[in-house]
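K.L.:
Here's a structure for you.
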Amino acid sequence: MQIDEDGGVLKQPAEDAPLVVAGRCFDSRLMVGTGKYRDFEETARALEASGTQVVTFAVRRTNLGQAPGEPNLLDVVSPDRYTLLPNTAGCYNARDAVRTCKLARELLEGHNLVKLEVLGDAKTLYPDVVETIKAVEALVRDGFDVMAYTSDDPIVALELEKLGCCAVMPLGSLIGSGCGIQNPHNIRLIIEQAGVPVLVDAGIGAASEAAMAMELGCDAVLMNSAIAHSARPIQMARAMKLAVEAGRSAFLAGRMPRRGQAEPSSPALGRIGA
């Protein structure tokens with residue numbers, strides 16, 4: 001992919017193709033989390049409205065059947081309908097993250113696609129890239145397909161790809177902050193060099209910010225709080241679906257060049273009465 005001096009993509013496909021992650025094809029480019037909803041019924045309705053095909057959940061906070069008698073996420077999120085993406089939210093070192101992924105694989109009967117989060121501290125939830133790299137090395141060796149949450153550092157993102165991640169997921173801003181994409185320039189740099197899908201993960205708060213991520217050239221967007229914390233989660237889920245689709249379409253169309261002066265929409269030559 002080539003980027004011009006104004007940040008516009010010079011070469012993009014005229015027509016879209018499905019998103020491919022670790023050999024799995026998806027028509028939807030919106031991935032949605034399951035936390036923070038009022039109940040599983042609202043979760044199910046929001047997922048339906050979003051049109052997502054990939055659903056992520058925190059293994060350490062979600063009952064998948066290991067707690068008999070309690071509500072089970074799989075009762076409303078069927079693996080026959082959605083691709084499940086267990087994540088390691090709440091892990092602060094590589095050892096715990098690897099253990100959590102192995103637990104998910106056991107609970108889901110061999111499922112190996114995971115979202116890796118290794119956090120640096122409980123206040124910012126910023127990724128610990130050193131521990132993330134350690135975890136990636138161990139998980140890839142063990143046969144996992146790893147989608148890695150990371151900082152917006154292009155060097156780190158490239159290293160994660162080299163280590164075998166099937167997708168890199170730089171933050172837009174802090175998890176749950178709703179502050180949008182704080183450093184679009186770095187996101188562009190990551191996209192420009194990437195040979196695997198790039199997803200903005202964390203920080204999206206509004207539909208316009210989801211569209212912006214897609215217009216930058218991201219392959220997909222992952223979100224949870226932006227939908228679950230809205231006043232009307234079902235309506236917001238629909239809005240995010242449309243925003244991702246619009247942003248992707250705009251990226252494929254290619255934005256007009258930026259100019260330093262005005263230019264009329266109608267040509268001056270050939271005017272009636274001129």
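Simple scheme: letters A, B, ... for chains in structure tokens order, numbers from 1 for residues in each chain, numbers from 1 for ligands in the order shown.
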Can you tell me which residues surround Pro18 of chain A at a distance of at most 12 Å, considering only C-alpha atoms, apart from same-chain residues fewer than 4 positions away, and format the answer as a PyMOL selection string?

P.N.:
chain A and resi 23-29+53+197+219-220+248

K.L.:
Env of Leu158 of chain A: 10 Å cut, atoms = only C-alpha atoms, seq-sep filter 6 positions within chain, self excluded. Answer as a PDB file with N, CA and C atoms, in the first residue's frame.

P.N.:
```pdb
ATOM      1  N   CYS A 165       2.232 -12.845  14.502  1.00  0.00           N
ATOM      2  CA  CYS A 165       0.846 -12.432  14.762  1.00  0.00           C
ATOM      3  C   CYS A 165       0.056 -12.410  13.465  1.00  0.00           C
ATOM      4  N   VAL A 168      -2.375  -7.167  13.868  1.00  0.00           N
ATOM      5  CA  VAL A 168      -1.903  -6.248  14.902  1.00  0.00           C
ATOM      6  C   VAL A 168      -3.011  -5.246  15.179  1.00  0.00           C
ATOM      7  N   ILE A 190       1.730   2.348  10.555  1.00  0.00           N
ATOM      8  CA  ILE A 190       1.554   0.914  10.814  1.00  0.00           C
ATOM      9  C   ILE A 190       0.883   0.242   9.624  1.00  0.00           C
ATOM     10  N   ILE A 191      -0.157   0.868   9.087  1.00  0.00           N
ATOM     11  CA  ILE A 191      -0.878   0.310   7.934  1.00  0.00           C
ATOM     12  C   ILE A 191       0.044   0.205   6.724  1.00  0.00           C
ATOM     13  N   GLN A 193       3.182  -0.300   6.424  1.00  0.00           N
ATOM     14  CA  GLN A 193       4.209  -1.343   6.441  1.00  0.00           C
ATOM     15  C   GLN A 193       3.644  -2.742   6.685  1.00  0.00           C
ATOM     16  N   ALA A 194       2.378  -2.844   7.048  1.00  0.00           N
ATOM     17  CA  ALA A 194       1.835  -4.119   7.512  1.00  0.00           C
ATOM     18  C   ALA A 194       1.572  -5.099   6.376  1.00  0.00           C
ATOM     19  N   GLY A 195       1.866  -6.364   6.661  1.00  0.00           N
ATOM     20  CA  GLY A 195       1.505  -7.441   5.754  1.00  0.00           C
ATOM     21  C   GLY A 195       0.396  -8.308   6.306  1.00  0.00           C
ATOM     22  N   VAL A 196      -0.128  -7.928   7.467  1.00  0.00           N
ATOM     23  CA  VAL A 196      -1.261  -8.612   8.100  1.00  0.00           C
ATOM     24  C   VAL A 196      -2.325  -7.560   8.390  1.00  0.00           C
TER      25      VAL A 196
END
```

K.L.:
Give me, as a list in words, all polymer residues having an atom no more than 6 Å from Asn87 of chain A, counting only C-alpha atoms and skipping those fewer than 3 positions away in the same chain.

P.N.:
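Listing them by chain and then by number gives Phe57, Ala58, Val114, Lys115 and Leu116 of chain A.
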
K.L.:
Where in segment 108-166 of chain A does DSSP assign helix (DSSP H, G or I), given as a VMD selection string?

P.N.:
chain A and resid 129 to 141 154 to 162

K.L.:
Can you write just those residues out, C-alpha atoms, as a short mmCIF file (atom, residue, chain, number, x, y, z; two decimals), in the first residue's frame?

P.N.:
```
data_model
loop_
_atom_site.label_atom_id
_atom_site.label_comp_id
_atom_site.auth_asym_id
_atom_site.auth_seq_id
_atom_site.Cartn_x
_atom_site.Cartn_y
_atom_site.Cartn_z
CA VAL A 129 4.86 -4.37 24.85
CA VAL A 130 7.77 -6.30 26.39
CA GLU A 131 5.46 -8.85 28.02
CA THR A 132 3.27 -8.85 24.90
CA ILE A 133 6.23 -9.91 22.77
CA LYS A 134 7.11 -12.68 25.25
CA ALA A 135 3.54 -13.96 25.15
CA VAL A 136 3.39 -13.86 21.34
CA GLU A 137 6.55 -15.94 21.07
CA ALA A 138 5.13 -18.60 23.38
CA LEU A 139 1.67 -18.66 21.85
CA VAL A 140 2.82 -18.84 18.24
CA ARG A 141 5.12 -21.73 19.13
CA PRO A 154 5.09 1.26 14.21
CA ILE A 155 8.32 -0.51 15.22
CA VAL A 156 6.53 -2.63 17.81
CA ALA A 157 3.70 -3.42 15.39
CA LEU A 158 6.18 -4.63 12.76
CA GLU A 159 8.00 -6.78 15.31
CA LEU A 160 4.72 -8.43 16.36
CA GLU A 161 4.02 -9.27 12.74
CA LYS A 162 7.52 -10.72 12.30
#
```

K.L.:
Would you work out the distance separating atom CA of Ala167 of chain A from atom CA of Val21 of chain A, expressed in Å to one decimal?

P.N.:
6.9 Å

K.L.:
Atom CA of Asp152 of chain A and atom CA of Asp201 of chain A, how far apart in Å?

P.N.:
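Between these atoms lies a distance of 10.2 Å.
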
K.L.:
A:Gly260, A:Pro86, A:Gly51, A:Pro127: which is nearest Lys102 of chain A, counting only C-alpha atoms?

P.N.:
A:Pro86

K.L.:
Calculate how many Å separate atom CA of Ile227 of chain A from atom CA of Val244 of chain A, rounding to one decimal.

P.N.:
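Between atom CA of Ile227 of chain A and atom CA of Val244 of chain A the gap is 13.4 Å.
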
K.L.:
As a ChimeraX atom specification, please: every residue in segment 43-242 of chain A that DSSP puts in strand (DSSP E).

P.N.:
/A:54-58,83-87,113-116,145-150,167-170,199-201,220-223

K.L.:
Go ahead and write the residues just picked, N, CA, C and O atoms, as a tab-separated table (two decimals), in the first residue's frame.

P.N.:
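New file result-v3.tsv:
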```tsv
chain	number	residue	atom	x	y	z
A	54	VAL	N	-17.49	-11.49	14.40
A	54	VAL	CA	-16.46	-11.85	15.37
A	54	VAL	C	-16.80	-11.23	16.71
A	54	VAL	O	-16.99	-10.01	16.81
A	55	VAL	N	-16.88	-12.05	17.74
A	55	VAL	CA	-17.27	-11.60	19.07
A	55	VAL	C	-16.15	-11.91	20.05
A	55	VAL	O	-15.73	-13.07	20.17
A	56	THR	N	-15.68	-10.89	20.74
A	56	THR	CA	-14.60	-11.09	21.71
A	56	THR	C	-15.12	-11.02	23.14
A	56	THR	O	-16.11	-10.33	23.42
A	57	PHE	N	-14.46	-11.76	24.03
A	57	PHE	CA	-14.89	-11.80	25.42
A	57	PHE	C	-13.68	-12.10	26.30
A	57	PHE	O	-12.71	-12.74	25.87
A	58	ALA	N	-13.72	-11.60	27.53
A	58	ALA	CA	-12.63	-11.82	28.48
A	58	ALA	C	-12.77	-13.21	29.10
A	58	ALA	O	-13.75	-13.49	29.79
A	83	THR	N	-17.77	-16.15	15.07
A	83	THR	CA	-16.41	-16.59	15.38
A	83	THR	C	-16.04	-16.01	16.74
A	83	THR	O	-16.06	-14.79	16.92
A	84	LEU	N	-15.74	-16.87	17.67
A	84	LEU	CA	-15.41	-16.43	19.02
A	84	LEU	C	-13.95	-16.00	19.08
A	84	LEU	O	-13.07	-16.65	18.52
A	85	LEU	N	-13.72	-14.91	19.79
A	85	LEU	CA	-12.37	-14.37	19.93
A	85	LEU	C	-12.08	-14.16	21.42
A	85	LEU	O	-12.25	-13.07	21.96
A	86	PRO	N	-11.68	-15.23	22.12
A	86	PRO	CA	-11.34	-15.08	23.53
A	86	PRO	C	-10.18	-14.12	23.70
A	86	PRO	O	-9.23	-14.14	22.91
A	87	ASN	N	-10.25	-13.27	24.72
A	87	ASN	CA	-9.15	-12.34	24.96
A	87	ASN	C	-8.61	-12.48	26.37
A	87	ASN	O	-9.24	-13.05	27.25
A	113	LEU	N	-7.80	-19.20	17.82
A	113	LEU	CA	-7.76	-17.78	17.49
A	113	LEU	C	-8.00	-16.99	18.76
A	113	LEU	O	-9.04	-17.13	19.40
A	114	VAL	N	-7.03	-16.14	19.14
A	114	VAL	CA	-7.13	-15.40	20.39
A	114	VAL	C	-6.74	-13.95	20.19
A	114	VAL	O	-5.96	-13.61	19.30
A	115	LYS	N	-7.30	-13.11	21.06
A	115	LYS	CA	-6.88	-11.72	21.14
A	115	LYS	C	-6.00	-11.57	22.38
A	115	LYS	O	-6.44	-11.81	23.50
A	116	LEU	N	-4.76	-11.19	22.16
A	116	LEU	CA	-3.80	-11.07	23.25
A	116	LEU	C	-3.77	-9.64	23.79
A	116	LEU	O	-3.54	-8.69	23.04
A	145	ASP	N	-3.28	-18.70	16.81
A	145	ASP	CA	-3.38	-17.57	15.89
A	145	ASP	C	-3.62	-16.34	16.75
A	145	ASP	O	-4.68	-16.22	17.38
A	146	VAL	N	-2.65	-15.43	16.78
A	146	VAL	CA	-2.65	-14.35	17.75
A	146	VAL	C	-2.95	-12.99	17.11
A	146	VAL	O	-2.23	-12.57	16.19
A	147	MET	N	-3.99	-12.37	17.59
A	147	MET	CA	-4.29	-10.98	17.25
A	147	MET	C	-3.86	-10.15	18.46
A	147	MET	O	-4.42	-10.30	19.55
A	148	ALA	N	-2.87	-9.29	18.28
A	148	ALA	CA	-2.21	-8.66	19.42
A	148	ALA	C	-2.61	-7.19	19.58
A	148	ALA	O	-2.40	-6.37	18.69
A	149	TYR	N	-3.16	-6.88	20.76
A	149	TYR	CA	-3.39	-5.49	21.18
A	149	TYR	C	-2.04	-4.87	21.51
A	149	TYR	O	-1.23	-5.45	22.24
A	150	THR	N	-1.78	-3.67	20.97
A	150	THR	CA	-0.48	-3.06	21.17
A	150	THR	C	-0.58	-1.54	21.17
A	150	THR	O	-1.66	-0.98	20.97
A	167	ALA	N	-2.67	-10.63	13.14
A	167	ALA	CA	-3.21	-9.28	13.05
A	167	ALA	C	-2.58	-8.45	14.15
A	167	ALA	O	-2.27	-8.96	15.23
A	168	VAL	N	-2.37	-7.17	13.87
A	168	VAL	CA	-1.90	-6.25	14.90
A	168	VAL	C	-3.01	-5.25	15.18
A	168	VAL	O	-3.72	-4.80	14.27
A	169	MET	N	-3.16	-4.89	16.47
A	169	MET	CA	-4.32	-4.11	16.89
A	169	MET	C	-3.86	-2.91	17.74
A	169	MET	O	-3.93	-2.93	18.97
A	170	PRO	N	-3.36	-1.84	17.09
A	170	PRO	CA	-2.93	-0.67	17.84
A	170	PRO	C	-4.12	0.06	18.46
A	170	PRO	O	-5.21	0.10	17.88
A	199	LEU	N	-6.10	-3.53	12.87
A	199	LEU	CA	-7.39	-3.14	13.44
A	199	LEU	C	-7.16	-2.12	14.53
A	199	LEU	O	-6.28	-2.30	15.38
A	200	VAL	N	-7.92	-1.04	14.53
A	200	VAL	CA	-7.90	-0.14	15.68
A	200	VAL	C	-8.68	-0.81	16.80
A	200	VAL	O	-9.82	-1.23	16.62
A	201	ASP	N	-8.03	-0.93	17.94
A	201	ASP	CA	-8.63	-1.59	19.10
A	201	ASP	C	-8.46	-0.68	20.30
A	201	ASP	O	-7.34	-0.41	20.71
A	220	ALA	N	-10.15	-3.30	9.88
A	220	ALA	CA	-11.34	-3.50	10.70
A	220	ALA	C	-11.22	-2.66	11.96
A	220	ALA	O	-10.18	-2.04	12.22
A	221	VAL	N	-12.28	-2.65	12.75
A	221	VAL	CA	-12.31	-1.95	14.03
A	221	VAL	C	-12.89	-2.90	15.07
A	221	VAL	O	-13.84	-3.63	14.78
A	222	LEU	N	-12.31	-2.89	16.26
A	222	LEU	CA	-12.86	-3.66	17.37
A	222	LEU	C	-13.29	-2.69	18.46
A	222	LEU	O	-12.56	-1.77	18.80
A	223	MET	N	-14.49	-2.91	19.01
A	223	MET	CA	-14.99	-2.00	20.04
A	223	MET	C	-15.92	-2.74	20.99
A	223	MET	O	-16.47	-3.79	20.67
```

K.L.:
Hey, what's within 10 Å of Gln235 of chain A if we count only C-alpha atoms and toss same-chain stuff fewer than 3 positions away? As a count of residues only, please?

P.N.:
11

K.L.:
Between A:Pro71, A:Ala207, A:Gly143, A:Val59, which one has atoms that come closest to Gly164 of chain A, using only C-alpha atoms?

P.N.:
A:Gly143

K.L.:
Neighbouring residues of segment 89-91 of chain A were defined as those with any atom within 7 Å, considering only C-alpha atoms; residues of the same chain fewer than 2 positions away were excluded. Please report them as JSON, numbers by chain.

P.N.:
{"A": [58, 87, 93, 96, 97, 117, 118, 119]}

K.L.:
Determine the nearest neighbour of Leu103 of chain A from the options A:Asn224, A:Thr62, A:Thr34, A:Asn72, counting only C-alpha atoms.

P.N.:
A:Thr62
